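Asker: Input structure: final-v7.cif, which contains mmCIF, C-alpha atoms.
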data_data
#
loop_
_atom_site.label_atom_id
_atom_site.label_comp_id
_atom_site.auth_asym_id
_atom_site.auth_seq_id
_atom_site.Cartn_x
_atom_site.Cartn_y
_atom_site.Cartn_z
CA MET R 1 238.68 84.07 185.91
CA GLY R 2 237.61 84.27 189.52
CA LYS R 3 239.61 81.81 191.51
CA LYS R 4 237.75 78.86 192.93
CA LYS R 5 238.94 76.74 195.78
CA ASP R 6 239.71 73.16 194.92
CA LYS R 7 236.90 70.95 196.14
CA PHE R 8 239.28 68.05 196.55
CA ARG R 9 242.54 67.21 198.20
CA PHE R 10 244.64 64.12 197.98
CA LEU R 11 244.54 62.13 201.22
CA SER R 12 247.83 61.94 203.01
CA ASN R 13 247.81 58.15 203.14
CA ILE R 14 247.32 57.71 199.39
CA THR R 15 250.35 56.44 197.51
CA ARG R 16 251.10 57.41 193.96
CA ARG R 17 249.60 54.17 192.71
CA ASP R 18 246.38 54.70 194.65
CA PHE R 19 244.33 56.57 192.12
CA ILE R 20 240.89 55.73 193.49
CA SER R 21 239.19 54.16 196.45
CA GLY R 22 238.13 50.76 195.18
CA SER R 23 239.79 51.85 191.95
CA LEU R 24 237.90 51.31 188.72
CA ILE R 25 234.16 51.67 189.22
CA GLY R 26 233.14 51.21 185.62
CA ALA R 27 234.68 49.86 182.46
CA GLY R 28 233.77 48.06 179.34
CA SER R 29 231.56 48.15 176.33
CA ALA R 30 229.05 49.84 174.16
CA LEU R 31 231.88 51.77 172.75
CA LEU R 32 234.12 48.97 173.54
CA TYR R 33 234.93 45.43 174.09
CA ALA R 34 233.68 44.38 177.48
CA ASN R 35 237.01 43.35 178.84
CA ALA R 36 237.60 43.95 182.52
CA PRO R 37 240.64 46.13 183.17
CA TRP R 38 242.55 45.64 186.38
CA ALA R 39 242.86 48.42 188.91
CA PHE R 40 245.43 49.38 191.52
CA SER R 41 244.33 49.15 195.12
CA ARG R 42 246.00 50.71 198.14
CA SER R 43 247.99 47.58 198.68
CA ASN R 44 249.22 47.88 195.07
CA LYS R 45 247.85 44.40 194.38
CA LYS R 46 245.68 43.75 191.36
CA GLN R 47 242.03 43.15 192.07
CA ARG R 48 238.94 42.92 189.93
CA PRO R 49 237.20 46.24 189.39
CA LYS R 50 233.71 46.89 190.62
CA GLY R 51 230.74 47.59 188.37
CA ILE R 52 231.98 46.32 185.02
CA PHE R 53 230.28 48.24 182.24
CA ASN R 54 228.78 45.46 180.11
CA ASP R 55 226.45 46.05 177.19
CA PRO R 56 225.65 44.21 173.97
CA TRP R 57 226.94 47.15 171.87
CA THR R 58 230.47 45.77 171.74
CA GLY R 59 233.26 46.33 169.27
CA PHE R 60 233.40 50.13 168.98
CA GLY R 61 235.94 50.99 171.61
CA GLY R 62 237.96 53.67 169.85
CA VAL R 63 237.40 56.89 171.80
CA GLY R 64 238.31 60.14 170.05
CA GLU R 65 239.11 63.55 171.53
CA GLY R 66 235.64 64.56 172.62
CA MET R 67 233.86 64.02 175.94
CA ALA R 68 231.17 66.30 177.33
CA LEU R 69 228.86 65.92 180.32
CA GLN R 70 225.21 66.98 180.19
CA VAL R 71 222.90 67.41 183.19
CA THR R 72 219.34 67.31 181.90
CA LYS R 73 216.39 69.21 183.32
CA ASN R 74 215.28 66.10 185.20
CA GLY R 75 218.74 65.56 186.69
CA LYS R 76 219.95 62.79 184.42
CA ARG R 77 223.69 62.90 183.72
CA VAL R 78 224.73 61.96 180.18
CA LEU R 79 228.29 61.60 178.95
CA TRP R 80 228.66 62.30 175.24
CA ILE R 81 231.62 60.59 173.59
CA ALA R 82 233.24 61.08 170.18
CA HIS R 83 234.64 58.05 168.38
CA GLU R 84 238.13 57.84 166.94
CA GLY R 85 236.81 56.66 163.59
CA PRO R 86 233.96 55.03 161.65
CA PRO R 87 231.43 53.51 161.66
CA LYS R 88 230.13 55.25 164.79
CA ASN R 89 229.55 58.98 165.09
CA PHE R 90 228.88 59.69 168.76
CA THR R 91 227.54 57.83 171.79
CA GLY R 92 225.49 58.98 174.78
CA VAL R 93 225.98 57.15 178.08
CA ASP R 94 223.74 57.63 181.10
CA VAL R 95 226.19 58.02 183.99
CA THR R 96 223.70 59.24 186.59
CA ASP R 97 224.94 56.27 188.59
CA PRO R 98 228.54 55.95 187.39
CA ARG R 99 228.67 52.41 188.77
CA LYS R 100 225.89 51.43 186.36
CA PRO R 101 226.49 53.32 183.11
CA LYS R 102 224.04 52.64 180.32
CA ILE R 103 224.12 53.37 176.61
CA ILE R 104 221.09 55.45 175.65
CA CYS R 105 222.15 56.65 172.21
CA GLN R 106 224.65 55.66 169.54
CA THR R 107 224.70 57.18 166.06
CA GLU R 108 226.23 56.24 162.72
CA LEU R 109 228.43 58.26 160.38
CA PRO R 110 227.16 58.82 156.84
CA HIS R 111 230.05 56.82 155.35
CA GLU R 112 233.37 55.14 156.14
CA LYS R 113 235.67 57.85 154.74
CA MET R 114 235.14 60.25 157.64
CA ARG R 115 235.42 60.60 161.39
CA SER R 116 233.86 62.72 164.13
CA ASN R 117 236.85 62.91 166.42
CA SER R 118 235.70 65.95 168.44
CA LEU R 119 232.51 67.15 170.11
CA GLU R 120 231.43 69.76 172.66
CA LEU R 121 228.27 70.55 174.57
CA SER R 122 226.68 73.84 175.61
CA GLY R 123 223.37 73.50 177.43
CA ASP R 124 221.35 71.02 175.37
CA ILE R 125 223.21 71.71 172.11
CA LEU R 126 225.85 69.23 170.98
CA ALA R 127 228.42 70.34 168.38
CA VAL R 128 230.12 67.55 166.39
CA ALA R 129 233.17 67.92 164.12
CA TYR R 130 233.33 66.10 160.79
CA GLN R 131 236.69 65.42 159.15
CA VAL R 132 237.07 63.40 155.95
CA TYR R 133 239.95 61.18 154.88
CA GLU R 134 240.11 62.48 151.30
CA LEU R 135 240.21 66.10 150.18
CA GLY R 136 236.97 67.52 148.88
CA ILE R 137 234.51 64.83 149.90
CA GLU R 138 231.44 65.53 152.04
CA PRO R 139 230.14 65.98 154.65
CA ALA R 140 232.98 68.01 156.15
CA GLY R 141 232.25 70.69 158.75
CA VAL R 142 230.28 70.96 161.97
CA GLU R 143 226.79 69.74 162.86
CA LEU R 144 224.62 70.85 165.78
CA PHE R 145 222.19 68.54 167.57
CA ASP R 146 219.43 69.27 170.05
CA VAL R 147 219.97 66.66 172.78
CA SER R 148 217.30 67.86 175.21
CA ASP R 149 216.00 64.32 174.77
CA PRO R 150 219.35 62.50 174.99
CA SER R 151 217.90 59.28 173.63
CA SER R 152 216.90 61.00 170.40
CA PRO R 153 219.29 63.72 169.13
CA VAL R 154 217.83 66.01 166.49
CA SER R 155 219.99 67.78 163.91
CA ILE R 156 219.33 71.53 163.97
CA GLY R 157 222.12 72.89 161.81
CA PHE R 158 225.10 72.09 159.62
CA HIS R 159 227.97 74.34 158.50
CA SER R 160 230.03 72.96 155.63
CA THR R 161 233.75 73.60 155.29
CA SER R 162 234.23 71.15 152.42
CA GLY R 163 236.47 72.24 149.57
CA PRO R 164 239.11 71.05 147.11
CA HIS R 165 241.88 71.39 149.72
CA SER R 166 239.82 70.80 152.89
CA ARG R 167 239.41 67.82 155.16
CA GLY R 168 236.84 69.67 157.28
CA VAL R 169 236.99 70.06 161.06
CA HIS R 170 239.41 68.18 163.28
CA CYS R 171 238.75 69.74 166.67
CA LEU R 172 236.24 72.25 168.07
CA TRP R 173 235.43 74.24 171.23
CA PHE R 174 231.87 75.27 172.11
CA VAL R 175 231.14 76.25 175.70
CA ASP R 176 229.16 79.52 175.62
CA GLY R 177 226.22 78.55 173.41
CA GLU R 178 227.14 81.27 170.92
CA TYR R 179 230.46 80.71 169.14
CA ILE R 180 232.25 77.62 167.88
CA HIS R 181 236.05 77.89 167.73
CA MET R 182 237.51 75.23 165.51
CA ALA R 183 240.38 73.86 163.45
CA SER R 184 239.17 73.45 159.91
CA GLY R 185 239.89 73.80 156.24
CA ALA R 186 237.72 75.94 154.00
CA PRO R 187 236.63 75.99 150.35
CA ASP R 188 238.50 79.27 149.75
CA PHE R 189 241.75 78.29 151.50
CA THR R 190 244.60 76.78 149.47
CA PRO R 191 247.51 75.73 151.69
CA ARG R 192 251.07 75.75 150.39
CA HIS R 193 251.56 72.38 152.06
CA PRO R 194 248.63 69.93 152.07
CA ARG R 195 248.91 69.27 155.81
CA ASP R 196 248.71 72.98 156.69
CA ASP R 197 245.03 73.03 155.72
CA GLN R 198 243.26 73.45 159.08
CA PHE R 199 243.36 76.91 160.62
CA TYR R 200 241.51 78.88 163.32
CA GLN R 201 237.90 79.71 162.47
CA ILE R 202 235.21 81.39 164.57
CA ILE R 203 231.65 80.34 163.77
CA ASP R 204 228.58 82.27 164.94
CA ALA R 205 226.19 79.53 166.09
CA ARG R 206 223.52 81.72 167.70
CA LYS R 207 221.22 80.76 164.83
CA PRO R 208 221.97 77.05 164.47
CA SER R 209 220.23 76.72 161.11
CA LYS R 210 222.25 79.63 159.71
CA MET R 211 225.74 79.27 161.14
CA GLU R 212 228.35 81.50 159.55
CA GLU R 213 232.06 82.12 159.78
CA ILE R 214 232.83 85.53 161.28
CA GLY R 215 236.59 85.36 161.81
CA ARG R 216 239.73 83.44 160.96
CA TRP R 217 243.47 83.37 161.53
CA TRP R 218 246.22 81.19 160.10
CA TYR R 219 249.96 80.82 160.54
CA PRO R 220 251.63 83.37 158.26
CA GLY R 221 253.19 81.81 155.19
CA THR R 222 251.02 78.68 155.11
CA ARG R 223 248.47 79.94 152.55
CA GLU R 224 249.05 80.41 148.85
CA GLY R 225 249.47 84.12 148.20
CA ASP R 226 250.82 84.98 151.67
CA GLU R 227 253.55 87.61 151.76
CA ALA R 228 255.38 85.68 154.49
CA ASP R 229 257.74 82.88 153.53
CA PRO R 230 256.59 79.31 154.18
CA PRO R 231 257.67 78.06 157.62
CA GLU R 232 260.64 75.75 157.83
CA ARG R 233 259.46 72.17 158.33
CA ILE R 234 260.33 70.67 161.73
CA ASN R 235 260.20 66.95 160.89
CA PRO R 236 259.62 66.68 157.15
CA ASP R 237 257.32 63.83 156.10
CA PRO R 238 256.19 62.96 152.57
CA SER R 239 253.52 65.49 151.58
CA THR R 240 251.39 62.71 150.09
CA ASP R 241 250.35 61.51 153.57
CA LEU R 242 247.60 63.83 154.85
CA ARG R 243 247.86 62.36 158.36
CA GLY R 244 251.59 62.89 158.69
CA GLY R 245 252.92 64.67 161.75
CA ASP R 246 254.76 67.41 159.90
CA ALA R 247 252.20 70.26 159.95
CA PHE R 248 251.66 73.94 160.65
CA ARG R 249 247.95 73.80 161.37
CA LEU R 250 245.66 74.32 164.33
CA HIS R 251 244.77 71.55 166.73
CA ASN R 252 243.04 72.98 169.82
CA ALA R 253 241.58 76.43 170.44
CA ASN R 254 240.59 77.19 174.06
CA ILE R 255 238.42 80.23 174.80
CA TYR R 256 236.86 80.75 178.24
CA PRO R 257 233.75 82.85 179.04
CA SER R 258 235.62 84.50 181.93
CA ASN R 259 238.19 85.88 179.44
CA PRO R 260 236.30 85.98 176.13
CA ASP R 261 238.79 88.28 174.38
CA ARG R 262 241.59 85.71 174.42
CA ALA R 263 242.07 82.57 172.34
CA TYR R 264 244.74 80.01 173.26
CA LEU R 265 245.88 77.98 170.27
CA GLY R 266 247.93 74.80 169.95
CA TYR R 267 249.26 75.14 166.41
CA ILE R 268 251.11 71.82 166.11
CA ASP R 269 254.62 72.54 164.76
CA GLY R 270 253.94 76.28 165.04
CA GLY R 271 253.77 76.09 168.85
CA ALA R 272 251.50 77.95 171.27
CA PHE R 273 249.72 81.22 170.46
CA ILE R 274 247.71 83.77 172.41
CA LEU R 275 245.33 85.76 170.20
CA ASP R 276 243.33 88.90 170.91
CA ILE R 277 239.81 88.14 169.64
CA SER R 278 238.04 91.20 171.07
CA ASP R 279 237.27 91.89 167.39
CA LYS R 280 236.25 88.43 166.25
CA SER R 281 236.43 89.49 162.62
CA ASN R 282 240.14 90.25 163.01
CA PRO R 283 242.04 88.02 165.47
CA THR R 284 245.53 89.33 166.15
CA VAL R 285 248.59 87.70 167.71
CA ILE R 286 249.63 88.84 171.20
CA SER R 287 252.45 86.34 171.61
CA SER R 288 253.69 82.90 170.72
CA TRP R 289 256.08 80.32 172.10
CA SER R 290 257.51 77.20 170.53
CA PRO R 291 260.14 74.67 171.64
CA HIS R 292 260.25 73.20 168.11
CA ASN R 293 262.96 72.65 167.27
CA PRO R 294 265.01 71.16 168.96
CA TYR R 295 261.92 69.46 170.41
CA PRO R 296 259.98 67.34 167.92
CA GLY R 297 256.79 69.36 167.41
CA PHE R 298 253.02 68.90 167.60
CA THR R 299 251.72 71.42 170.15
CA HIS R 300 248.24 70.16 170.98
CA THR R 301 246.62 72.08 173.86
CA VAL R 302 247.26 75.46 175.47
CA MET R 303 245.30 75.70 178.74
CA PRO R 304 245.42 79.00 180.66
CA LEU R 305 245.39 79.20 184.45
CA PHE R 306 244.25 82.81 184.64
CA ASP R 307 244.61 83.53 188.35
CA ARG R 308 248.15 82.18 188.41
CA GLY R 309 249.41 83.64 185.14
CA LEU R 310 250.37 80.20 183.82
CA LEU R 311 249.80 78.11 180.72
CA VAL R 312 249.79 74.31 180.55
CA VAL R 313 250.97 73.31 177.07
CA THR R 314 250.98 69.76 175.71
CA ASP R 315 252.92 68.31 172.80
CA GLU R 316 251.08 65.25 171.48
CA CYS R 317 252.91 61.99 170.92
CA ILE R 318 251.97 60.74 167.44
CA LYS R 319 254.32 57.80 166.88
CA ASP R 320 254.62 54.40 168.50
CA ASP R 321 257.50 52.96 170.50
CA GLY R 322 259.02 56.24 171.63
CA GLU R 323 260.01 57.23 168.09
CA ASP R 324 259.10 60.89 168.63
CA TRP R 325 260.17 61.19 172.29
CA PRO R 326 260.15 63.51 174.16
CA LYS R 327 256.52 64.66 173.98
CA LEU R 328 256.14 66.74 177.11
CA THR R 329 253.63 68.84 179.02
CA TRP R 330 255.11 72.26 179.69
CA ILE R 331 254.36 74.81 182.42
CA VAL R 332 254.78 78.29 180.94
CA ASP R 333 254.90 81.59 182.83
CA ALA R 334 252.36 83.90 181.16
CA ARG R 335 252.18 86.69 183.74
CA ASN R 336 253.40 88.92 180.95
CA GLU R 337 251.30 87.53 178.14
CA GLU R 338 253.54 89.23 175.59
CA LYS R 339 256.58 87.29 176.83
CA LEU R 340 255.99 83.62 177.49
CA VAL R 341 258.67 81.77 179.47
CA PRO R 342 258.79 77.97 180.02
CA ILE R 343 259.61 77.12 183.64
CA SER R 344 259.10 73.35 184.02
CA THR R 345 257.62 70.16 182.59
CA LEU R 346 255.42 67.52 184.18
CA PRO R 347 257.55 64.52 185.23
CA MET R 348 257.15 61.42 183.09
CA PRO R 349 258.02 57.77 183.74
CA PRO R 350 261.22 56.39 182.23
CA LEU R 351 261.52 56.15 178.45
CA GLU R 352 263.49 52.94 178.96
CA GLU R 353 260.39 51.32 180.47
CA PHE R 354 257.51 52.87 178.54
CA GLY R 355 259.08 53.65 175.19
CA SER R 356 259.33 49.98 174.28
CA LYS R 357 256.06 48.75 175.84
CA GLY R 358 254.08 49.31 172.66
CA GLY R 359 251.89 52.08 171.29
CA ARG R 360 252.35 55.79 171.94
CA PHE R 361 254.14 57.16 175.00
CA GLY R 362 253.87 60.83 175.82
CA SER R 363 251.51 63.73 176.39
CA HIS R 364 248.08 64.23 174.85
CA ASN R 365 244.78 65.58 176.20
CA LEU R 366 244.15 67.42 179.48
CA HIS R 367 241.08 67.96 181.57
CA GLU R 368 240.59 71.57 180.47
CA ASN R 369 238.64 73.32 183.27
CA ARG R 370 235.62 73.75 181.04
CA PRO R 371 232.51 75.55 182.29
CA GLY R 372 229.64 73.30 183.38
CA PRO R 373 229.60 70.19 185.58
CA SER R 374 233.37 70.04 185.55
CA PHE R 375 236.23 69.75 188.01
CA PHE R 376 238.09 73.05 188.33
CA SER R 377 241.57 73.56 189.69
CA GLU R 378 244.56 75.73 188.95
CA GLU R 379 246.83 73.46 191.02
CA ILE R 380 245.74 69.91 190.10
CA ILE R 381 246.39 68.92 186.46
CA ILE R 382 244.92 65.69 185.10
CA GLY R 383 245.84 64.27 181.72
CA ALA R 384 245.80 61.31 179.35
CA PHE R 385 249.27 60.03 178.42
CA PHE R 386 248.64 57.05 176.12
CA ASN R 387 250.49 53.98 177.49
CA ALA R 388 251.40 55.93 180.66
CA GLY R 389 247.69 56.03 181.47
CA ILE R 390 245.82 58.71 183.38
CA ARG R 391 248.14 60.87 185.50
CA VAL R 392 247.45 63.50 188.18
CA TYR R 393 249.91 66.27 189.04
CA ASP R 394 250.21 68.94 191.70
CA ILE R 395 251.64 72.20 190.31
CA LYS R 396 251.19 74.29 193.45
CA ASN R 397 254.89 74.96 192.99
CA PRO R 398 254.97 75.45 189.22
CA TYR R 399 258.76 75.15 189.16
CA GLN R 400 258.61 71.64 190.64
CA PRO R 401 255.46 69.77 189.54
CA GLU R 402 254.81 66.55 191.46
CA LEU R 403 253.12 63.35 190.34
CA LEU R 404 250.28 62.55 192.76
CA ALA R 405 248.65 59.51 191.19
CA PHE R 406 248.28 57.43 188.07
CA PHE R 407 246.11 54.67 186.64
CA ILE R 408 247.44 52.30 183.97
CA PRO R 409 245.15 49.38 183.08
CA PRO R 410 246.36 46.56 180.84
CA GLY R 411 246.02 46.83 177.09
CA PRO R 412 242.50 45.97 175.94
CA LYS R 413 241.65 43.05 173.71
CA ASN R 414 241.46 43.59 169.96
CA SER R 415 243.59 46.73 170.07
CA ARG R 416 246.11 47.47 167.34
CA VAL R 417 248.79 47.78 170.05
CA SER R 418 249.60 45.78 173.17
CA THR R 419 249.15 48.59 175.72
CA ILE R 420 246.46 50.93 176.92
CA GLN R 421 246.32 54.15 174.85
CA MET R 422 244.54 56.69 177.05
CA ASN R 423 243.35 59.30 174.56
CA GLU R 424 240.81 61.56 176.25
CA ILE R 425 239.73 62.60 179.75
CA TYR R 426 236.90 64.46 181.45
CA VAL R 427 236.53 64.97 185.21
CA ASP R 428 233.22 66.05 186.70
CA GLU R 429 232.59 68.32 189.66
CA ASN R 430 232.36 65.30 191.98
CA GLY R 431 235.78 63.95 191.08
CA ILE R 432 234.48 61.20 188.80
CA VAL R 433 237.02 60.59 186.04
CA TYR R 434 235.94 59.50 182.57
CA ALA R 435 238.75 58.30 180.31
CA GLY R 436 238.86 56.68 176.89
CA ASP R 437 241.22 54.32 175.10
CA ARG R 438 242.09 55.30 171.52
CA TRP R 439 241.73 51.93 169.83
CA ALA R 440 239.57 49.34 171.59
CA GLY R 441 239.28 49.75 175.38
CA GLY R 442 236.41 52.24 175.32
CA LEU R 443 235.27 54.06 178.44
CA TYR R 444 236.89 53.78 181.87
CA ILE R 445 235.12 55.36 184.85
CA MET R 446 237.04 56.06 188.05
CA GLU R 447 236.64 58.02 191.25
CA MET R 448 239.49 60.13 192.58
CA ASP R 449 240.04 59.53 196.28
CA ILE R 450 240.98 63.10 197.13
#
Re-express the file's structure as structure tokens.

Answerer:
Amino acid sequence: MGKKKDKFRFLSNITRRDFISGSLIGAGSALLYANAPWAFSRSNKKQRPKGIFNDPWTGFGGVGEGMALQVTKNGKRVLWIAHEGPPKNFTGVDVTDPRKPKIICQTELPHEKMRSNSLELSGDILAVAYQVYELGIEPAGVELFDVSDPSSPVSIGFHSTSGPHSRGVHCLWFVDGEYIHMASGAPDFTPRHPRDDQFYQIIDARKPSKMEEIGRWWYPGTREGDEADPPERINPDPSTDLRGGDAFRLHNANIYPSNPDRAYLGYIDGGAFILDISDKSNPTVISSWSPHNPYPGFTHTVMPLFDRGLLVVTDECIKDDGEDWPKLTWIVDARNEEKLVPISTLPMPPLEEFGSKGGRFGSHNLHENRPGPSFFSEEIIIGAFFNAGIRVYDIKNPYQPELLAFFIPPGPKNSRVSTIQMNEIYVDENGIVYAGDRWAGGLYIMEMDI
């Protein structure tokens, strides 16, 4: 990846609580309840945010793990947002003026026993993941939509991964307009443990109406018939709960057009993997790294910083009230990609304060340096940390990461927990930050003052 200079710098007079000039510039509804979160100002005093995002489409504020920004041919900017669960599928928000966001599209799921937690955009094609709550039911897989008219998405293809042991697709990556990389079950895959069902699949999407799987890889020992022994469970949970945290399955797969022969996998309790996918029909392991155990599992994202020879690796918090602490974000030396070495973690606020505040506390999603209208930096890392809010770090010295800024609004109304649960984040090329609450708070729009 050719190194780009950071377009932004943090102003010297900004304190760690000063996340934005004027702080929150949009919040509220459509997806969410139109509550008005507070924002931190430079004086560290609470003040009402500007440009509250109000809209009659209230009550659907659970934001999943998918945000993608589209710039249409006429210059309109549309943020596509996945929902955490039913009844909504995905929502399109016109953010051309981020101070006046407007819902222009909101779609429904076919039924209540499914979710579309993840989506990605390439050009005018939107890819949406479908995961079901019960094995074998439909639709489970990935659907493509033509969103050249954002107000009226048109389905142009569907690839089913439904099967007797499949929940479908949890998370997907689609940035080159050609291949979808995803975590999914399959009709011909029988896992030894029911939660080890979703593995790495490569889907050829160049013909949207005839998508086909062209490659796959799974953790050795997790499939019936494997020669390898089953992996030792890290935190055994009852196998009857499909959503339990004890799992050797794929979560995220990151593949960048600048380095198309490498796939970076977060394989939950299996840790981080680098795969050689130069032959997409036969992905092979280059290296892996896992802190589990003694650390409590659930590797989520593996983001490469190519020019620096680093990986940023997150372990997702999945339990409330600090029960699965510590869930950290690791900086890993990958200069020798065959020998990965952890060198630091991003500093977190005290467990004593945040572990008992309510909801989840720990790492989750990162802004992932995607292609497109996206902020790019190999020194500034921005992430969503549930009740610790949105946090910005400087890793210029990767051995001593520094917290630069954070934004923690109050817990939204009608949430299942008392605190904010920042679940997803996307930062555009202008430094506008889009963040979503997992349960009820919906979309928060901020501007980094850097």

Asker: Of the candidates R:Gly177, R:Pro139, R:Gly372, R:Gly411, which shows the shortest atom-to-atom distance to Lys357 of chain R, using only C-alpha atoms?

Answerer: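 Of R:Gly177, R:Pro139, R:Gly372, R:Gly411, the one nearest Lys357 of chain R, counting only C-alpha atoms, is R:Gly411.
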
Asker: Could you expand the PyMOL selection byres ((chain R and resi 303-316) around 6) into the explicit residues it covers here, written as a list in words?

Answerer: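 Applying the PyMOL selection byres ((chain R and resi 303-316) around 6) to the structure shown produces Met1, Phe298, Thr299, His300, Thr301, Val302, Cys317, Lys327, Leu328, Thr329, Trp330, Ile331, Val332, Asp333, Ala334, Arg335, Ser363, His364 and Glu378 of chain R.
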
Asker: Determine the residue set returned by the PyMOL selection byres ((chain R and resi 65) around 6) for the present structure, and present it as a VMD selection string.

Answerer: chain R and resid 64 66 117 to 118 424

Asker: Tell me which residues come within 7 Å of (256.6, 64.4, 189.3), as a PyMOL selection string, counting all atoms listed in the file in the file's coordinates.

Answerer: chain R and resi 346-348+393+401-403

Asker: With all atoms listed in the file as the basis for distance, which of R:Pro150, R:Ile380, R:Ile137, R:Leu144 is at the shortest distance from Gly92 of chain R?

Answerer: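 That would be R:Pro150, the residue with the smallest distance to Gly92 of chain R.
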
Asker: If you apply the PyMOL selection byres ((chain R and resi 427-437) around 9) to this file, what residues do you get, as a count of residues only?

Answerer: 44

Asker: In Å, rounded to a single decimal, give me how far atom CA of His165 of chain R is from atom CA of Met114 of chain R.

Answerer: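 Computed distance, atom CA of Met114 of chain R to atom CA of His165 of chain R, equals 15.2 Å.
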
Asker: Which residues are close to Val71 of chain R, i.e. within 12 Å by only C-alpha atoms, leaving aside same-chain residues fewer than 4 positions away? Reply as a PyMOL selection string.

Answerer: chain R and resi 75-80+93-96+121-125+147-150+372-374+428-429

Asker: Next, the residues of the selection above should be written as a PDB file, in the coordinates of the input with C-alpha atoms.

Answerer:
ATOM      1  CA  GLY R  75     218.740  65.560 186.690  1.00  0.00           C
ATOM      2  CA  LYS R  76     219.950  62.790 184.420  1.00  0.00           C
ATOM      3  CA  ARG R  77     223.690  62.900 183.720  1.00  0.00           C
ATOM      4  CA  VAL R  78     224.730  61.960 180.180  1.00  0.00           C
ATOM      5  CA  LEU R  79     228.290  61.600 178.950  1.00  0.00           C
ATOM      6  CA  TRP R  80     228.660  62.300 175.240  1.00  0.00           C
ATOM      7  CA  VAL R  93     225.980  57.150 178.080  1.00  0.00           C
ATOM      8  CA  ASP R  94     223.740  57.630 181.100  1.00  0.00           C
ATOM      9  CA  VAL R  95     226.190  58.020 183.990  1.00  0.00           C
ATOM     10  CA  THR R  96     223.700  59.240 186.590  1.00  0.00           C
ATOM     11  CA  LEU R 121     228.270  70.550 174.570  1.00  0.00           C
ATOM     12  CA  SER R 122     226.680  73.840 175.610  1.00  0.00           C
ATOM     13  CA  GLY R 123     223.370  73.500 177.430  1.00  0.00           C
ATOM     14  CA  ASP R 124     221.350  71.020 175.370  1.00  0.00           C
ATOM     15  CA  ILE R 125     223.210  71.710 172.110  1.00  0.00           C
ATOM     16  CA  VAL R 147     219.970  66.660 172.780  1.00  0.00           C
ATOM     17  CA  SER R 148     217.300  67.860 175.210  1.00  0.00           C
ATOM     18  CA  ASP R 149     216.000  64.320 174.770  1.00  0.00           C
ATOM     19  CA  PRO R 150     219.350  62.500 174.990  1.00  0.00           C
ATOM     20  CA  GLY R 372     229.640  73.300 183.380  1.00  0.00           C
ATOM     21  CA  PRO R 373     229.600  70.190 185.580  1.00  0.00           C
ATOM     22  CA  SER R 374     233.370  70.040 185.550  1.00  0.00           C
ATOM     23  CA  ASP R 428     233.220  66.050 186.700  1.00  0.00           C
ATOM     24  CA  GLU R 429     232.590  68.320 189.660  1.00  0.00           C
TER      25      GLU R 429
END
